[in-house]
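Next up, my_file11.csv (CSV, C-alpha atoms):
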```
chain,number,residue,atom,x,y,z
N,8,MET,CA,0.0,0.0,0.0
N,9,PHE,CA,2.7,2.5,1.0
N,10,LYS,CA,4.9,1.5,-2.0
N,11,LYS,CA,2.0,2.3,-4.3
N,12,LEU,CA,1.6,5.7,-2.6
N,13,PHE,CA,5.2,6.8,-2.5
N,14,GLY,CA,6.7,4.6,-5.3
N,15,SER,CA,7.1,7.4,-7.8
N,16,THR,CA,8.5,10.0,-5.4
N,17,LYS,CA,12.1,9.5,-6.6
N,18,ALA,CA,11.2,10.0,-10.3
N,19,VAL,CA,9.2,13.2,-9.5
N,20,ALA,CA,11.9,14.7,-7.3
N,21,GLU,CA,14.8,14.1,-9.7
N,22,SER,CA,12.9,15.2,-12.9
N,23,ILE,CA,12.2,18.8,-11.9
N,24,PRO,CA,15.2,21.0,-11.0
N,25,PRO,CA,14.6,23.9,-8.8
N,26,PRO,CA,14.7,27.4,-10.4
N,27,SER,CA,17.9,29.4,-10.1
N,28,ASN,CA,18.0,32.7,-8.3
N,29,ALA,CA,19.2,34.4,-11.5
N,30,SER,CA,16.1,33.2,-13.4
N,31,VAL,CA,13.8,34.3,-10.6
N,32,ASN,CA,15.3,37.8,-10.5
N,33,ARG,CA,15.3,38.1,-14.2
N,34,THR,CA,11.6,37.3,-14.4
N,35,ILE,CA,10.8,39.8,-11.6
N,36,ASN,CA,12.8,42.6,-13.3
N,37,THR,CA,11.2,41.9,-16.7
N,38,ILE,CA,7.7,42.0,-15.2
N,39,GLN,CA,8.5,45.3,-13.5
N,40,SER,CA,9.9,46.7,-16.8
N,41,LEU,CA,6.7,45.8,-18.5
N,42,ILE,CA,4.6,47.4,-15.8
N,43,ASP,CA,6.7,50.6,-16.2
N,44,ASN,CA,6.2,50.5,-20.0
N,45,GLU,CA,2.5,50.0,-19.6
N,46,GLU,CA,2.2,53.0,-17.3
N,47,ASN,CA,4.3,55.2,-19.7
N,48,LEU,CA,2.1,54.2,-22.6
N,49,GLU,CA,-1.1,55.1,-20.6
N,50,LYS,CA,0.4,58.5,-19.8
N,51,ARG,CA,1.2,59.1,-23.5
N,52,LYS,CA,-2.3,58.0,-24.5
N,53,ALA,CA,-3.9,60.4,-22.0
N,54,LEU,CA,-1.7,63.3,-23.3
N,55,LEU,CA,-2.7,62.6,-26.9
N,56,GLU,CA,-6.4,62.4,-26.0
N,57,LYS,CA,-6.1,65.9,-24.5
N,58,ARG,CA,-4.4,67.2,-27.7
N,59,VAL,CA,-7.3,65.7,-29.7
N,60,ASP,CA,-9.8,67.6,-27.6
N,61,GLY,CA,-7.7,70.7,-28.1
N,62,GLU,CA,-7.6,70.4,-31.9
N,63,VAL,CA,-11.4,70.0,-31.9
N,64,GLU,CA,-11.8,73.2,-29.9
N,65,LYS,CA,-9.5,75.0,-32.3
N,66,SER,CA,-11.4,73.8,-35.3
N,67,LYS,CA,-14.7,75.1,-33.8
N,68,GLU,CA,-13.1,78.5,-33.1
N,69,PHE,CA,-11.8,78.8,-36.6
N,70,LEU,CA,-15.2,77.9,-38.0
N,71,ARG,CA,-16.7,80.7,-35.9
N,72,GLN,CA,-14.1,83.0,-37.5
N,73,LYS,CA,-15.0,81.8,-40.9
N,74,LYS,CA,-11.5,80.3,-41.3
N,75,LYS,CA,-12.3,77.0,-42.9
N,76,ALA,CA,-8.7,76.2,-44.0
N,77,GLN,CA,-7.3,76.5,-40.5
N,78,ALA,CA,-10.3,74.5,-39.2
N,79,LEU,CA,-9.6,71.7,-41.7
N,80,GLN,CA,-5.9,71.7,-40.7
N,81,CYS,CA,-6.9,71.1,-37.1
N,82,LEU,CA,-9.1,68.2,-38.1
N,83,LYS,CA,-6.2,66.6,-40.0
N,84,LYS,CA,-4.0,66.9,-36.9
N,85,LYS,CA,-6.9,65.3,-34.9
N,86,LYS,CA,-6.9,62.3,-37.3
N,87,LEU,CA,-3.2,61.8,-37.0
N,88,LEU,CA,-3.4,62.0,-33.2
N,89,GLU,CA,-6.3,59.4,-33.2
N,90,ALA,CA,-4.2,57.1,-35.3
N,91,GLU,CA,-1.4,57.3,-32.9
N,92,ILE,CA,-3.8,56.6,-30.0
N,93,THR,CA,-4.9,53.5,-31.8
N,94,ASN,CA,-1.3,52.3,-32.1
N,95,LEU,CA,-0.8,53.1,-28.4
N,96,ASN,CA,-3.8,50.9,-27.5
N,97,ASN,CA,-2.4,48.0,-29.5
N,98,MET,CA,1.0,48.4,-27.8
N,99,ILE,CA,-0.6,48.6,-24.3
N,100,MET,CA,-2.5,45.4,-25.1
N,101,ARG,CA,0.6,43.6,-26.2
N,102,VAL,CA,2.6,44.7,-23.1
N,103,ALA,CA,-0.3,43.6,-20.9
N,104,GLU,CA,-0.4,40.2,-22.5
N,105,GLN,CA,3.4,39.7,-22.0
N,106,ARG,CA,3.2,40.9,-18.4
N,107,MET,CA,0.3,38.6,-17.5
N,108,MET,CA,2.1,35.7,-19.2
N,109,LEU,CA,5.2,36.2,-17.2
N,110,GLU,CA,3.2,36.6,-14.0
N,111,GLY,CA,1.5,33.4,-14.7
N,112,GLN,CA,4.7,31.6,-15.5
N,113,ARG,CA,6.3,33.0,-12.3
N,114,THR,CA,3.3,31.6,-10.2
N,115,THR,CA,3.6,28.3,-12.0
N,116,VAL,CA,7.3,28.1,-11.3
N,117,GLU,CA,6.8,28.9,-7.6
N,118,VAL,CA,4.1,26.3,-7.3
N,119,VAL,CA,6.2,23.6,-9.1
N,120,SER,CA,9.2,24.6,-7.0
N,121,ASN,CA,7.2,24.1,-3.8
N,122,MET,CA,5.9,20.8,-5.1
N,123,HIS,CA,9.5,19.8,-5.9
N,124,ALA,CA,10.6,20.7,-2.4
N,125,ALA,CA,7.7,18.7,-0.9
N,126,ALA,CA,8.7,15.7,-3.0
N,127,LEU,CA,12.2,15.8,-1.8
N,128,THR,CA,11.1,16.1,1.8
N,129,ALA,CA,8.8,13.1,1.4
N,130,LYS,CA,11.7,11.2,-0.1
N,131,ASP,CA,13.9,12.0,2.9
N,132,ASN,CA,11.1,11.1,5.3
N,133,MET,CA,10.7,7.7,3.6
N,134,LYS,CA,14.4,7.0,4.0
N,135,VAL,CA,14.0,7.3,7.7
N,136,MET,CA,10.6,5.5,7.9
N,137,LYS,CA,11.0,2.1,6.2
N,138,ILE,CA,8.0,0.6,4.6
N,139,GLU,CA,8.7,-2.8,6.3
N,140,SER,CA,8.8,-1.1,9.7
N,141,VAL,CA,5.5,0.6,9.1
N,142,ASP,CA,3.9,-2.7,8.1
N,143,ARG,CA,5.4,-4.4,11.1
N,144,VAL,CA,4.0,-1.7,13.5
N,145,ILE,CA,0.6,-2.0,12.0
N,146,ASP,CA,0.6,-5.7,12.4
N,147,GLU,CA,1.7,-5.4,16.0
N,148,ILE,CA,-1.2,-3.0,16.6
N,149,ASN,CA,-3.7,-5.3,15.1
N,150,GLU,CA,-2.4,-8.2,17.0
N,151,THR,CA,-2.6,-6.3,20.3
N,152,ASN,CA,-6.2,-5.3,19.5
N,153,ASP,CA,-7.1,-8.9,18.9
N,154,GLN,CA,-5.6,-10.0,22.2
N,155,MET,CA,-7.5,-7.2,24.1
N,156,ARG,CA,-10.7,-8.3,22.4
N,157,GLN,CA,-10.2,-11.9,23.4
N,158,LEU,CA,-9.5,-10.8,27.0
N,159,ASN,CA,-12.6,-8.8,27.1
N,160,GLU,CA,-14.6,-11.8,25.9
N,161,VAL,CA,-13.1,-14.0,28.6
N,162,PHE,CA,-13.9,-11.6,31.4
N,163,ALA,CA,-17.4,-11.0,30.1
N,164,ASN,CA,-18.3,-14.7,30.8
N,165,PRO,CA,-19.2,-15.7,34.5
N,166,LEU,CA,-16.7,-17.8,36.3
N,167,GLY,CA,-17.1,-20.8,38.8
N,168,ALA,CA,-20.6,-21.6,40.2
N,169,GLY,CA,-22.1,-18.5,38.6
N,170,ASN,CA,-21.6,-20.1,35.2
N,171,ASP,CA,-23.9,-23.1,36.2
N,172,LEU,CA,-26.8,-21.0,37.4
N,173,ASP,CA,-30.1,-21.3,35.5
N,174,GLU,CA,-31.5,-17.8,35.0
N,175,ASP,CA,-35.0,-19.2,34.2
N,176,GLU,CA,-35.1,-21.0,37.5
N,177,LEU,CA,-34.0,-17.9,39.4
N,178,LEU,CA,-36.7,-15.9,37.7
N,179,GLY,CA,-39.3,-18.5,38.7
N,180,GLU,CA,-38.2,-18.4,42.3
N,181,LEU,CA,-38.4,-14.6,42.3
N,182,GLU,CA,-42.0,-14.7,41.0
N,183,GLU,CA,-42.9,-17.1,43.8
N,184,LEU,CA,-41.5,-14.7,46.4
N,185,GLU,CA,-43.5,-11.8,44.9
N,186,ALA,CA,-46.7,-13.9,45.0
N,187,GLU,CA,-46.2,-14.8,48.7
N,188,GLU,CA,-45.6,-11.2,49.6
N,189,ILE,CA,-48.8,-10.2,47.8
N,190,ASP,CA,-50.8,-12.9,49.7
N,191,ARG,CA,-49.4,-11.8,53.0
N,192,GLU,CA,-50.4,-8.2,52.4
N,193,LEU,CA,-54.0,-9.3,51.5
N,194,LEU,CA,-54.4,-11.5,54.7
N,195,GLU,CA,-53.3,-8.7,57.1
N,196,PRO,CA,-56.3,-6.9,58.7
N,197,ALA,CA,-56.9,-3.5,57.6
N,198,VAL,CA,-55.8,-0.8,60.0
N,199,VAL,CA,-58.8,1.4,61.1
N,200,PRO,CA,-57.7,4.9,61.6
N,201,ILE,CA,-58.6,6.3,65.1
N,202,SER,CA,-60.4,9.5,64.9
N,203,LYS,CA,-59.3,12.1,67.2
N,204,THR,CA,-61.9,13.4,69.8
N,205,PRO,CA,-62.4,17.1,69.3
N,206,ALA,CA,-61.0,19.1,72.2
N,207,LEU,CA,-63.7,20.7,74.4
N,208,PRO,CA,-63.5,24.3,74.9
N,209,SER,CA,-61.7,25.1,78.2
N,210,VAL,CA,-63.8,26.5,81.0
N,211,PRO,CA,-62.4,29.8,82.1
N,212,ALA,CA,-61.2,29.9,85.7
N,213,LYS,CA,-63.4,31.6,88.3
N,214,MET,CA,-62.6,35.2,88.4
N,215,PRO,CA,-61.9,36.6,91.9
N,216,ALA,CA,-64.6,38.8,93.3
N,217,LYS,CA,-64.0,42.4,93.0
N,218,THR,CA,-63.3,44.2,96.2
N,219,THR,CA,-65.3,47.3,96.8
N,220,ALA,CA,-63.0,50.2,97.3
N,221,ALA,CA,-63.5,52.1,100.6
N,222,PRO,CA,-64.9,55.6,100.2
N,223,ALA,CA,-62.4,58.4,100.5
N,224,LYS,CA,-62.1,60.0,103.9
N,225,THR,CA,-62.9,63.7,104.4
N,226,ASP,CA,-60.5,66.2,105.8
N,227,GLU,CA,-62.4,66.3,109.0
N,228,GLU,CA,-62.1,62.5,109.4
N,229,LEU,CA,-58.4,62.6,108.8
N,230,GLU,CA,-57.9,65.3,111.3
N,231,LEU,CA,-59.9,63.4,113.8
N,232,GLU,CA,-57.8,60.3,113.3
N,233,LYS,CA,-54.7,62.3,113.8
N,234,LEU,CA,-56.0,63.6,117.1
N,235,GLN,CA,-56.9,60.2,118.2
N,236,ALA,CA,-53.3,59.0,117.6
N,237,GLU,CA,-51.8,61.9,119.5
N,238,MET,CA,-54.1,61.2,122.4
N,239,ALA,CA,-53.1,57.5,122.4
N,240,LEU,CA,-49.6,58.6,123.1
```

Can the structure in the file be given as structure tokens, please?
Amino acid sequence: MFKKLFGSTKAVAESIPPPSNASVNRTINTIQSLIDNEENLEKRKALLEKRVDGEVEKSKEFLRQKKKAQALQCLKKKKLLEAEITNLNNMIMRVAEQRMMLEGQRTTVEVVSNMHAAALTAKDNMKVMKIESVDRVIDEINETNDQMRQLNEVFANPLGAGNDLDEDELLGELEELEAEEIDRELLEPAVVPISKTPALPSVPAKMPAKTTAAPAKTDEELELEKLQAEMAL
């Protein structure tokens, strides 16, 4: 399996040489030069378009002055300028095509170079990791998994006397116990709840008789009592 996957790594790694630094720099410089040329052509085109507009305005002015010869001359210059603008458009298109082609080639070279480096790395990794070793490790893992599965099956089975027990017999015995428990509950007398006697209202304790307060003594009576006490002395 691994040989089919990595068998052609050596051929791929050795068939594509990595790009040189000089080639990469030359491509970058050429692309930059084409960009500069394209910008200069665009500037030249914009300048000529302004001159075309200027010749049109001059032609109109000469017509207002009834100078048809001068107006016709301006139109001729306008035609020449328009022809040059057409040539500039063609040049801009060619330069843009060359620039995009080189940019695409540069991208392709970078991608292929990275793929080449990846192939070399994979080749070095495969030198360290032998196919036979990988197959042996996988076989050992599978063997260990089989042993663990067998151990789990062994421990899942009951051991000793528990292996000879009949589950159907145990279930029957359990049903008999449940039936006896139900019969015992049915034979027990029902418990009659005892109703609580409502509490009688408490008789209030006999209130002590109210003592009649003695009438207040007059000043004369108080003075008389005072005299009686002095006389007793």

Show which residues sit within 10 Å of Leu95 in chain N, as a PyMOL selection string. Count only C-alpha atoms, and ignore same-chain residues fewer than 2 positions away.
-> chain N and resi 45+48-49+51-52+55+89-93+97-101

In Å, with one decimal, what is the gap from CA of Glu110 in chain N to CA of Asp43 in chain N?
-> 14.6 Å

Here CA of Gln105 in chain N and CA of Leu41 in chain N stand apart by 7.8 Å

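When CA of Asn32 in chain N is paired with CA of Thr115 in chain N, their separation reads 15.1 Å.
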
Fill-in result for range 183-194 of chain N, all heavy atoms as an mmCIF file, in the frame of the given file:
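Dumped to result13.cif:
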```
data_model
loop_
_atom_site.group_PDB
_atom_site.id
_atom_site.type_symbol
_atom_site.label_atom_id
_atom_site.label_comp_id
_atom_site.auth_asym_id
_atom_site.auth_seq_id
_atom_site.Cartn_x
_atom_site.Cartn_y
_atom_site.Cartn_z
ATOM 1 N N GLU N 183 -42.289 -16.493 42.685
ATOM 2 C CA GLU N 183 -42.900 -17.100 43.800
ATOM 3 C C GLU N 183 -42.849 -16.201 45.082
ATOM 4 O O GLU N 183 -43.804 -16.033 45.831
ATOM 5 C CB GLU N 183 -42.316 -18.462 44.134
ATOM 6 C CG GLU N 183 -42.610 -19.515 43.063
ATOM 7 C CD GLU N 183 -41.930 -20.831 43.360
ATOM 8 O OE1 GLU N 183 -41.233 -20.904 44.411
ATOM 9 O OE2 GLU N 183 -42.074 -21.786 42.575
ATOM 10 N N LEU N 184 -41.676 -15.603 45.284
ATOM 11 C CA LEU N 184 -41.500 -14.700 46.400
ATOM 12 C C LEU N 184 -42.442 -13.494 46.296
ATOM 13 O O LEU N 184 -43.029 -13.035 47.288
ATOM 14 C CB LEU N 184 -40.061 -14.258 46.520
ATOM 15 C CG LEU N 184 -39.048 -15.345 46.907
ATOM 16 C CD1 LEU N 184 -37.631 -14.777 46.858
ATOM 17 C CD2 LEU N 184 -39.341 -15.890 48.302
ATOM 18 N N GLU N 185 -42.569 -12.989 45.111
ATOM 19 C CA GLU N 185 -43.500 -11.800 44.900
ATOM 20 C C GLU N 185 -44.909 -12.234 45.200
ATOM 21 O O GLU N 185 -45.673 -11.466 45.796
ATOM 22 C CB GLU N 185 -43.316 -11.327 43.486
ATOM 23 C CG GLU N 185 -41.979 -10.658 43.206
ATOM 24 C CD GLU N 185 -41.864 -10.190 41.768
ATOM 25 O OE1 GLU N 185 -42.731 -10.555 40.962
ATOM 26 O OE2 GLU N 185 -40.897 -9.456 41.465
ATOM 27 N N ALA N 186 -45.338 -13.474 44.778
ATOM 28 C CA ALA N 186 -46.700 -13.900 45.000
ATOM 29 C C ALA N 186 -46.961 -14.081 46.525
ATOM 30 O O ALA N 186 -48.031 -13.708 47.049
ATOM 31 C CB ALA N 186 -46.974 -15.228 44.297
ATOM 32 N N GLU N 187 -46.018 -14.653 47.273
ATOM 33 C CA GLU N 187 -46.200 -14.800 48.700
ATOM 34 C C GLU N 187 -46.286 -13.441 49.410
ATOM 35 O O GLU N 187 -47.073 -13.267 50.330
ATOM 36 C CB GLU N 187 -44.971 -15.573 49.279
ATOM 37 C CG GLU N 187 -44.934 -17.035 48.849
ATOM 38 C CD GLU N 187 -43.698 -17.756 49.379
ATOM 39 O OE1 GLU N 187 -42.904 -17.083 50.085
ATOM 40 O OE2 GLU N 187 -43.532 -18.958 49.098
ATOM 41 N N GLU N 188 -45.520 -12.485 48.961
ATOM 42 C CA GLU N 188 -45.600 -11.200 49.600
ATOM 43 C C GLU N 188 -46.933 -10.509 49.332
ATOM 44 O O GLU N 188 -47.510 -9.872 50.217
ATOM 45 C CB GLU N 188 -44.459 -10.291 49.001
ATOM 46 C CG GLU N 188 -44.351 -8.918 49.621
ATOM 47 C CD GLU N 188 -43.951 -8.962 51.079
ATOM 48 O OE1 GLU N 188 -43.384 -10.004 51.512
ATOM 49 O OE2 GLU N 188 -44.196 -7.969 51.790
ATOM 50 N N ILE N 189 -47.507 -10.730 48.135
ATOM 51 C CA ILE N 189 -48.800 -10.200 47.800
ATOM 52 C C ILE N 189 -49.892 -10.817 48.707
ATOM 53 O O ILE N 189 -50.792 -10.152 49.244
ATOM 54 C CB ILE N 189 -49.131 -10.317 46.346
ATOM 55 C CG1 ILE N 189 -48.167 -9.442 45.513
ATOM 56 C CG2 ILE N 189 -50.564 -9.930 46.039
ATOM 57 C CD1 ILE N 189 -48.283 -9.653 44.025
ATOM 58 N N ASP N 190 -49.825 -12.186 48.869
ATOM 59 C CA ASP N 190 -50.800 -12.900 49.700
ATOM 60 C C ASP N 190 -50.726 -12.416 51.165
ATOM 61 O O ASP N 190 -51.741 -12.256 51.840
ATOM 62 C CB ASP N 190 -50.573 -14.400 49.632
ATOM 63 C CG ASP N 190 -50.864 -14.933 48.230
ATOM 64 O OD1 ASP N 190 -51.604 -14.248 47.479
ATOM 65 O OD2 ASP N 190 -50.336 -16.013 47.885
ATOM 66 N N ARG N 191 -49.523 -12.216 51.665
ATOM 67 C CA ARG N 191 -49.400 -11.800 53.000
ATOM 68 C C ARG N 191 -50.000 -10.387 53.250
ATOM 69 O O ARG N 191 -50.651 -10.140 54.264
ATOM 70 C CB ARG N 191 -47.884 -11.714 53.409
ATOM 71 C CG ARG N 191 -47.615 -11.379 54.871
ATOM 72 C CD ARG N 191 -46.122 -11.271 55.117
ATOM 73 N NE ARG N 191 -45.543 -10.201 54.332
ATOM 74 C CZ ARG N 191 -45.633 -8.893 54.668
ATOM 75 N NH1 ARG N 191 -46.279 -8.536 55.769
ATOM 76 N NH2 ARG N 191 -45.072 -7.980 53.908
ATOM 77 N N GLU N 192 -49.837 -9.515 52.301
ATOM 78 C CA GLU N 192 -50.400 -8.200 52.400
ATOM 79 C C GLU N 192 -51.961 -8.254 52.388
ATOM 80 O O GLU N 192 -52.644 -7.480 53.062
ATOM 81 C CB GLU N 192 -49.911 -7.291 51.308
ATOM 82 C CG GLU N 192 -48.426 -6.973 51.436
ATOM 83 C CD GLU N 192 -47.928 -6.113 50.278
ATOM 84 O OE1 GLU N 192 -48.744 -5.832 49.368
ATOM 85 O OE2 GLU N 192 -46.740 -5.721 50.305
ATOM 86 N N LEU N 193 -52.513 -9.203 51.576
ATOM 87 C CA LEU N 193 -54.000 -9.300 51.500
ATOM 88 C C LEU N 193 -54.571 -9.880 52.765
ATOM 89 O O LEU N 193 -55.706 -9.547 53.155
ATOM 90 C CB LEU N 193 -54.362 -10.168 50.293
ATOM 91 C CG LEU N 193 -54.043 -9.561 48.911
ATOM 92 C CD1 LEU N 193 -54.365 -10.553 47.808
ATOM 93 C CD2 LEU N 193 -54.825 -8.263 48.710
ATOM 94 N N LEU N 194 -53.877 -10.814 53.469
ATOM 95 C CA LEU N 194 -54.400 -11.500 54.700
ATOM 96 C C LEU N 194 -54.287 -10.575 55.902
ATOM 97 O O LEU N 194 -54.987 -10.810 56.905
ATOM 98 C CB LEU N 194 -53.655 -12.784 54.925
ATOM 99 C CG LEU N 194 -53.915 -13.876 53.871
ATOM 100 C CD1 LEU N 194 -53.042 -15.090 54.162
ATOM 101 C CD2 LEU N 194 -55.387 -14.277 53.851
#
```
